[in-house]
Amino acid sequence: DVKVTQSSRYLVKRTGEKVFLECVQDMDHENMFWYRQDPGLGLRLIYFSYDVKMKEKGDIPEGYSVSREKKERFSLILESASTNQTSMYLCASSFRWAAYKSTDTQYFGPGTRLTVL
Amino acid sequence: AQRVTQPEKLLSVFKGAPVELKCNYSYSGSPELFWYVQYSRQRLQLLLRHISRESIKGFTADLNKGETSFHLKKPFAQEEDSAMYYCALRSYNTDKLIFGTGTRLQVFP
């Protein structure tokens with residue numbers, strides 16, 4: 001059973017704080033993703049990593065950075081949290097070139113609800 | 001530009017009624033389309049993909065390239081179908097997904 005875990009279910013931070021969101025997967029997936037989920041806006045990709053130390057900007061990377069030092073772990077960093085970053089953050093993982101493999105999907109973590117005061 | 005449109009934010013039906021969640025896409029090529037579902041307090045999970053032509057939990061979806069649509073249908077809704085549904089597109093030669101804004105389905109008893 002694929003397991004994607006996120007370090008916190010709920011997080012409350014103050015404006016200007018540095019925030020780390022951690023994601024770990026145990027399926028040896030090459031790809032890992034960070035999304036934010038907002039009502040009426042759906043899921044928007046923040047960053048994507050297809051290998052260790054590799055990263056690619058998604059649709060809304062501003063105000064965020066990521067780190068992938070190990071294959072199983074993908075961190076999302078808010079350098080200086082702002083109130084407009086209050087959201088649900090979802091991590092996901094998949095095999096590389098998933099379309100060519102039988103396990104053709106992204107697997108999601110439970111999400112971290114971040115509130116920035 | 002690649003885009004997925006789900007025109008309905010909320011769809012409310014009574015148990016036993018037919019359900020159709022709309023999804024339209026914009027993509028110049030051969031897309032892969034998916035439906036993901038998120039039940040209350042659960043993680044987002046794959047419901048079905050067009051390439052498999054499968055029926056999951058009574059739901060089906062047919063890719064209509066002429067109308068650029070991938071609507072999700074179920075003939076008789078159940079209360080346990082109440083959830084948030086997202087349509088997603090994957091373009092050729094990439095592992096990234098583009099999601100729609102989602103439709104919340106409420107099934108009343």
# chains A, B, ... in the order shown; residues from 1 in each chain; ligands from 1
$ interface_residues --of "chain A" --to "chain B" --cutoff "6 Å" --atoms "only C-alpha atoms" --output "list in words"
Gly40, Leu41, Gly42, Leu43, Phe108 and Pro110 of chain A
$ write_last_selection --atoms "all heavy atoms" --output "CSV table (one decimal), in the first residue's frame"
chain,number,residue,atom,x,y,z
A,40,GLY,N,-12.8,26.8,-4.8
A,40,GLY,CA,-13.0,27.6,-6.0
A,40,GLY,C,-11.9,27.7,-6.9
A,40,GLY,O,-12.0,28.1,-8.1
A,41,LEU,N,-10.7,27.3,-6.5
A,41,LEU,CA,-9.5,27.3,-7.3
A,41,LEU,C,-8.9,26.0,-7.6
A,41,LEU,O,-8.0,25.8,-8.4
A,41,LEU,CB,-8.4,28.2,-6.6
A,41,LEU,CG,-8.8,29.7,-6.4
A,41,LEU,CD1,-7.6,30.4,-5.6
A,41,LEU,CD2,-9.0,30.4,-7.7
A,42,GLY,N,-9.4,25.0,-6.9
A,42,GLY,CA,-8.9,23.6,-7.2
A,42,GLY,C,-7.5,23.4,-6.7
A,42,GLY,O,-7.1,24.0,-5.7
A,43,LEU,N,-6.8,22.5,-7.3
A,43,LEU,CA,-5.4,22.2,-7.0
A,43,LEU,C,-4.5,22.9,-7.9
A,43,LEU,O,-4.6,22.8,-9.1
A,43,LEU,CB,-5.1,20.7,-7.1
A,43,LEU,CG,-5.4,19.8,-5.9
A,43,LEU,CD1,-6.9,19.6,-5.7
A,43,LEU,CD2,-4.7,18.5,-6.0
A,108,PHE,N,-1.6,10.8,-3.1
A,108,PHE,CA,-1.6,12.0,-2.3
A,108,PHE,C,-1.5,11.7,-0.8
A,108,PHE,O,-2.0,10.7,-0.3
A,108,PHE,CB,-2.9,12.8,-2.5
A,108,PHE,CG,-3.0,13.5,-3.9
A,108,PHE,CD1,-3.3,12.8,-5.0
A,108,PHE,CD2,-2.6,14.8,-3.9
A,108,PHE,CE1,-3.3,13.5,-6.2
A,108,PHE,CE2,-2.6,15.5,-5.2
A,108,PHE,CZ,-3.0,14.8,-6.3
A,110,PRO,N,-2.3,13.2,3.2
A,110,PRO,CA,-3.5,13.7,3.9
A,110,PRO,C,-3.7,15.2,3.9
A,110,PRO,O,-4.8,15.7,4.1
A,110,PRO,CB,-3.4,13.2,5.3
A,110,PRO,CG,-1.9,13.1,5.5
A,110,PRO,CD,-1.3,12.7,4.2
$ residues_around --residues "A:Leu11" --least-positions-apart "3" --cutoff "7 Å" --atoms "only C-alpha atoms" --output "PyMOL selection string"
chain A and resi 8+113-115
$ write_last_selection --atoms "N, CA and C atoms" --output "PDB file, in the first residue's frame"
ATOM      1  N   SER A   8       2.618  17.434   9.378  1.00  0.00           N
ATOM      2  CA  SER A   8       1.603  17.997  10.275  1.00  0.00           C
ATOM      3  C   SER A   8       0.250  17.986   9.593  1.00  0.00           C
ATOM      4  N   ARG A 113      -3.111  21.645   6.766  1.00  0.00           N
ATOM      5  CA  ARG A 113      -3.861  22.909   6.735  1.00  0.00           C
ATOM      6  C   ARG A 113      -3.037  23.955   7.476  1.00  0.00           C
ATOM      7  N   LEU A 114      -2.528  24.900   6.728  1.00  0.00           N
ATOM      8  CA  LEU A 114      -1.680  25.960   7.279  1.00  0.00           C
ATOM      9  C   LEU A 114      -2.479  27.241   7.437  1.00  0.00           C
ATOM     10  N   THR A 115      -2.412  27.797   8.627  1.00  0.00           N
ATOM     11  CA  THR A 115      -3.013  29.103   8.886  1.00  0.00           C
ATOM     12  C   THR A 115      -1.902  30.066   9.259  1.00  0.00           C
TER      13      THR A 115
END
$ closest_residue --among "B:Ala61, B:Leu89, B:Ala77, B:Met84" --to "B:Ala17" --atoms "only C-alpha atoms"
B:Ala77
$ closest_residue --among "B:Leu11, B:Val37, B:Val107, B:Leu63" --to "B:Glu80" --atoms "only C-alpha atoms"
B:Val107
$ residues_around --residues "A:Ser65" --least-positions-apart "4" --cutoff "10 Å" --atoms "only C-alpha atoms" --output "ChimeraX atom specification"
/A:20,46-47,55,57,61,75-79
$ write_last_selection --atoms "C-alpha atoms" --output "mmCIF file, in the first residue's frame"
data_model
loop_
_atom_site.group_PDB
_atom_site.id
_atom_site.type_symbol
_atom_site.label_atom_id
_atom_site.label_comp_id
_atom_site.auth_asym_id
_atom_site.auth_seq_id
_atom_site.Cartn_x
_atom_site.Cartn_y
_atom_site.Cartn_z
ATOM 1 C CA PHE A 20 8.745 23.927 6.648
ATOM 2 C CA ILE A 46 3.575 24.857 -6.623
ATOM 3 C CA TYR A 47 6.682 22.772 -7.340
ATOM 4 C CA LYS A 55 13.081 20.686 -9.074
ATOM 5 C CA LYS A 57 8.509 25.378 -10.881
ATOM 6 C CA PRO A 61 5.997 29.101 -7.150
ATOM 7 C CA SER A 75 10.090 19.673 1.643
ATOM 8 C CA LEU A 76 8.145 22.825 0.923
ATOM 9 C CA ILE A 77 9.563 26.001 2.441
ATOM 10 C CA LEU A 78 7.813 29.300 2.984
ATOM 11 C CA GLU A 79 10.702 31.694 3.510
#
$ select_by_dssp --residues "chain A" --states "strand (DSSP E or B)" --output "ChimeraX atom specification"
/A:4-6,10-13,19-25,31-38,42-49,56-57,65-70,73-78,87-94,107-108,112-116
$ residues_around --residues "A:Gly111" --least-positions-apart "2" --cutoff "6 Å" --atoms "only C-alpha atoms" --output "PDB file with N, CA and C atoms, in the first residue's frame"
ATOM      1  N   TYR A  89      -2.268  22.365   1.996  1.00  0.00           N
ATOM      2  CA  TYR A  89      -1.147  21.966   1.154  1.00  0.00           C
ATOM      3  C   TYR A  89      -1.136  20.448   1.016  1.00  0.00           C
ATOM      4  N   LEU A  90      -1.111  20.008  -0.240  1.00  0.00           N
ATOM      5  CA  LEU A  90      -1.118  18.581  -0.534  1.00  0.00           C
ATOM      6  C   LEU A  90       0.187  18.184  -1.192  1.00  0.00           C
ATOM      7  N   GLY A 109      -0.895  12.700  -0.128  1.00  0.00           N
ATOM      8  CA  GLY A 109      -0.860  12.692   1.320  1.00  0.00           C
ATOM      9  C   GLY A 109      -2.150  13.254   1.897  1.00  0.00           C
TER      10      GLY A 109
END
$ residues_around --residues "A:Phe95" --least-positions-apart "6" --cutoff "6 Å" --atoms "only C-alpha atoms" --output "list of chain:residue names"
A:His29, A:Glu30, A:Asn31
$ write_last_selection --atoms "C-alpha atoms" --output "PDB file, in the first residue's frame"
ATOM      1  CA  HIS A  29       8.675   7.110  -6.468  1.00  0.00           C
ATOM      2  CA  GLU A  30      10.856   9.382  -8.560  1.00  0.00           C
ATOM      3  CA  ASN A  31       8.297  12.192  -8.812  1.00  0.00           C
TER       4      ASN A  31
END
